[in-house]
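Trainee: Pasting model-v5.pdb below, which is PDB, C-alpha atoms.
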```pdb
MODEL        1
ATOM      1  CA  ILE A 236      -3.323  -4.056  10.496  1.00  0.00           C
ATOM      2  CA  TYR A 237       0.265  -2.939  10.186  1.00  0.00           C
ATOM      3  CA  THR A 238       3.640  -3.123  11.864  1.00  0.00           C
ATOM      4  CA  ILE A 239       6.375  -0.529  11.556  1.00  0.00           C
ATOM      5  CA  ASP A 240      10.053  -1.420  11.592  1.00  0.00           C
ATOM      6  CA  GLU A 241      11.499   2.034  12.247  1.00  0.00           C
ATOM      7  CA  GLU A 242      15.101   0.851  12.201  1.00  0.00           C
ATOM      8  CA  ASN A 243      14.742  -0.470   8.634  1.00  0.00           C
ATOM      9  CA  TYR A 244      12.214   2.135   7.391  1.00  0.00           C
ATOM     10  CA  ARG A 245       9.658  -0.536   6.547  1.00  0.00           C
ATOM     11  CA  LEU A 246       5.913  -0.858   7.087  1.00  0.00           C
ATOM     12  CA  GLU A 247       4.238  -4.249   6.642  1.00  0.00           C
ATOM     13  CA  PHE A 248       0.479  -4.663   6.448  1.00  0.00           C
ATOM     14  CA  GLU A 249      -2.199  -7.310   6.288  1.00  0.00           C
ATOM     15  CA  ILE A 250      -5.949  -7.246   5.931  1.00  0.00           C
ATOM     16  CA  ASP A 251      -7.984  -6.748   9.090  1.00  0.00           C
ATOM     17  CA  LYS A 252     -10.242  -9.805   9.021  1.00  0.00           C
ATOM     18  CA  SER A 253     -12.444  -8.343  11.763  1.00  0.00           C
ATOM     19  CA  ARG A 254     -13.707  -5.635   9.375  1.00  0.00           C
ATOM     20  CA  PRO A 255     -15.825  -5.995   6.209  1.00  0.00           C
ATOM     21  CA  HIS A 256     -13.801  -6.354   3.001  1.00  0.00           C
ATOM     22  CA  ASP A 257     -13.888  -7.880  -0.481  1.00  0.00           C
ATOM     23  CA  LEU A 258     -10.645  -9.886  -0.222  1.00  0.00           C
ATOM     24  CA  GLU A 259      -9.795 -13.191   1.424  1.00  0.00           C
ATOM     25  CA  GLU A 260      -6.140 -12.201   1.921  1.00  0.00           C
ATOM     26  CA  ASN A 261      -4.141  -9.043   1.340  1.00  0.00           C
ATOM     27  CA  SER A 262      -0.690  -8.279   2.701  1.00  0.00           C
ATOM     28  CA  GLY A 263       2.348  -6.342   1.637  1.00  0.00           C
ATOM     29  CA  PHE A 264       4.873  -3.700   2.532  1.00  0.00           C
ATOM     30  CA  TYR A 265       6.190  -0.194   1.982  1.00  0.00           C
ATOM     31  CA  GLN A 266       9.983   0.176   2.066  1.00  0.00           C
ATOM     32  CA  LEU A 267      11.488   3.672   2.315  1.00  0.00           C
ATOM     33  CA  GLU A 268      14.989   4.566   1.158  1.00  0.00           C
ATOM     34  CA  LYS A 269      16.443   8.042   1.554  1.00  0.00           C
ATOM     35  CA  ILE A 270      17.922   9.214  -1.743  1.00  0.00           C
ATOM     36  CA  ASN A 271      19.046  12.631  -0.509  1.00  0.00           C
ATOM     37  CA  GLU A 272      17.746  15.447   1.700  1.00  0.00           C
ATOM     38  CA  GLU A 273      14.916  16.158  -0.744  1.00  0.00           C
ATOM     39  CA  PHE A 274      13.867  12.744  -2.071  1.00  0.00           C
ATOM     40  CA  THR A 275      12.851   9.368  -0.642  1.00  0.00           C
ATOM     41  CA  LEU A 276      12.238   6.269  -2.732  1.00  0.00           C
ATOM     42  CA  VAL A 277       9.124   4.330  -1.667  1.00  0.00           C
ATOM     43  CA  THR A 278       8.872   0.712  -2.800  1.00  0.00           C
ATOM     44  CA  PHE A 279       5.487  -1.005  -2.498  1.00  0.00           C
ATOM     45  CA  GLY A 280       5.025  -4.743  -2.618  1.00  0.00           C
ATOM     46  CA  ALA A 281       1.903  -6.880  -2.488  1.00  0.00           C
ATOM     47  CA  THR A 282       3.149 -10.133  -0.998  1.00  0.00           C
ATOM     48  CA  ARG A 283      -0.204 -11.880  -0.884  1.00  0.00           C
ATOM     49  CA  MET A 284      -3.549 -11.150  -2.498  1.00  0.00           C
ATOM     50  CA  ASP A 285      -6.495 -13.524  -2.740  1.00  0.00           C
ATOM     51  CA  VAL A 286      -9.943 -12.483  -3.915  1.00  0.00           C
ATOM     52  CA  GLY A 287     -11.451 -15.827  -2.883  1.00  0.00           C
ATOM     53  CA  PHE A 288     -11.919 -17.268  -6.362  1.00  0.00           C
ATOM     54  CA  ASN A 289      -9.839 -17.847  -9.487  1.00  0.00           C
ATOM     55  CA  VAL A 290      -9.251 -14.771 -11.620  1.00  0.00           C
ATOM     56  CA  PRO A 291      -7.308 -14.954 -14.898  1.00  0.00           C
ATOM     57  CA  ASP A 292      -3.878 -13.291 -14.754  1.00  0.00           C
ATOM     58  CA  SER A 293      -4.821 -10.899 -17.565  1.00  0.00           C
ATOM     59  CA  ILE A 294      -7.673  -9.484 -15.459  1.00  0.00           C
ATOM     60  CA  LYS A 295      -5.520  -9.318 -12.303  1.00  0.00           C
ATOM     61  CA  ASN A 296      -2.800  -7.467 -14.191  1.00  0.00           C
ATOM     62  CA  PHE A 297      -5.329  -5.041 -15.692  1.00  0.00           C
ATOM     63  CA  LEU A 298      -6.860  -4.246 -12.296  1.00  0.00           C
ATOM     64  CA  LEU A 299      -3.473  -3.879 -10.595  1.00  0.00           C
ATOM     65  CA  GLY A 300      -2.267  -1.674 -13.454  1.00  0.00           C
ATOM     66  CA  ARG A 301      -5.182   0.671 -12.810  1.00  0.00           C
ATOM     67  CA  SER A 302      -5.016   0.706  -9.020  1.00  0.00           C
ATOM     68  CA  LEU A 303      -1.265   0.924  -8.306  1.00  0.00           C
ATOM     69  CA  PRO A 304      -0.761   4.400  -9.845  1.00  0.00           C
ATOM     70  CA  VAL A 305      -3.753   5.685  -7.849  1.00  0.00           C
ATOM     71  CA  MET A 306      -2.297   4.202  -4.652  1.00  0.00           C
ATOM     72  CA  ALA A 307       1.060   5.878  -5.331  1.00  0.00           C
ATOM     73  CA  THR A 308      -0.597   9.245  -5.996  1.00  0.00           C
ATOM     74  CA  ASN A 309      -2.687   8.976  -2.829  1.00  0.00           C
ATOM     75  CA  LEU A 310       0.359   8.077  -0.740  1.00  0.00           C
ATOM     76  CA  LYS A 311       2.206  11.098  -2.130  1.00  0.00           C
ATOM     77  CA  LYS A 312      -0.735  13.392  -1.284  1.00  0.00           C
ATOM     78  CA  TYR A 313      -0.888  11.961   2.239  1.00  0.00           C
ATOM     79  CA  ILE A 314       2.830  12.446   2.864  1.00  0.00           C
ATOM     80  CA  GLU A 315       2.986  15.938   1.367  1.00  0.00           C
ATOM     81  CA  SER A 316       0.003  17.064   3.468  1.00  0.00           C
ATOM     82  CA  ASN A 317       1.764  16.040   6.699  1.00  0.00           C
ATOM     83  CA  GLU A 318      -0.697  13.146   7.111  1.00  0.00           C
ATOM     84  CA  LYS A 319      -3.819  15.356   6.811  1.00  0.00           C
ATOM     85  CA  TRP A 320      -5.029  14.279   3.350  1.00  0.00           C
ATOM     86  CA  ARG A 321      -7.796  11.677   3.231  1.00  0.00           C
ATOM     87  CA  GLN A 322      -9.267   9.992   0.177  1.00  0.00           C
ATOM     88  CA  GLU A 323     -12.872  10.961  -0.434  1.00  0.00           C
ATOM     89  CA  GLN A 324     -15.254   8.081   0.220  1.00  0.00           C
TER      90      GLN A 324
ENDMDL
END
```
Reformat the file's structure so that it appears as structure tokens.

Mentor:
Amino acid sequence: IYTIDEENYRLEFEIDKSRPHDLEENSGFYQLEKINEEFTLVTFGATRMDVGFNVPDSIKNFLLGRSLPVMATNLKKYIESNEKWRQEQ
């Protein structure tokens, strides 16, 4: 579930609890900032993430370190394809 604040170039999201998922909580944002006519800076933030049980920080950091670059690459593919690209399931 997401909300778009067009005036501030921000998208905020939270997990859709009506659909199956592996997380108790997950929310965050994408903030866009125009650098120039060719480039836009995209900042991603995970404001809340709960897997439902305690996980050591070292494991959380390892998993986030692996998944964040993939998320950034997928977002870039989606944007550059004019919203046509979809991740293979």

Trainee: Skip region 251-264 of chain A itself and residues of its chain fewer than 5 positions away, then list as a PyMOL selection string all residues within 6 Å of it, counting all atoms listed in the file.

Mentor: chain A and resi 236+246+279-287

Trainee: For a quick check of understanding, using all atoms listed in the file, which of A:Phe297, A:Tyr244, A:Tyr237, A:Phe288 has the smallest distance to Leu267 (chain A)?

Mentor: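 Smallest distance to Leu267 (chain A) is found for A:Tyr244.
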
Trainee: Just how far from CA of Asn309 (chain A) is CA of Arg321 (chain A), in Å to one decimal?

Mentor: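 Interatomic distance, CA of Arg321 (chain A) to CA of Asn309 (chain A): 8.4 Å.
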
Trainee: Got a sec to check which residues sit within 10 Å of (-6.1, 11.5, -0.5), counting all atoms listed in the file, and write them as a list in words?

Mentor: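 These residues have at least one counted atom within 10 Å: Val305, Met306, Thr308, Asn309, Leu310, Lys311, Lys312, Tyr313, Ile314, Ser316, Glu318, Lys319, Trp320, Arg321, Gln322, Glu323 and Gln324 of chain A.
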
Trainee: Just the number, please: distance in Å from CA of Asn317 (chain A) to CA of Glu273 (chain A), one decimal.

Mentor: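 CA of Asn317 (chain A) sits 15.1 Å away from CA of Glu273 (chain A).
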
Trainee: I'd like the interatomic distance between CA of Leu303 (chain A) and CA of Gln266 (chain A), to a tenth of an Å.

Mentor: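 CA of Leu303 (chain A) sits 15.3 Å away from CA of Gln266 (chain A).
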
Trainee: Could you give me the centre and size, in Å to one decimal, of an axis-aligned box around all listed atoms of region 252-261 of chain A with 4 Å added on every side, as lines of an AutoDock Vina configuration file?

Mentor:
```
center_x = -10.0
center_y = -9.4
center_z = 5.6
size_x = 19.7
size_y = 15.6
size_z = 20.2
```
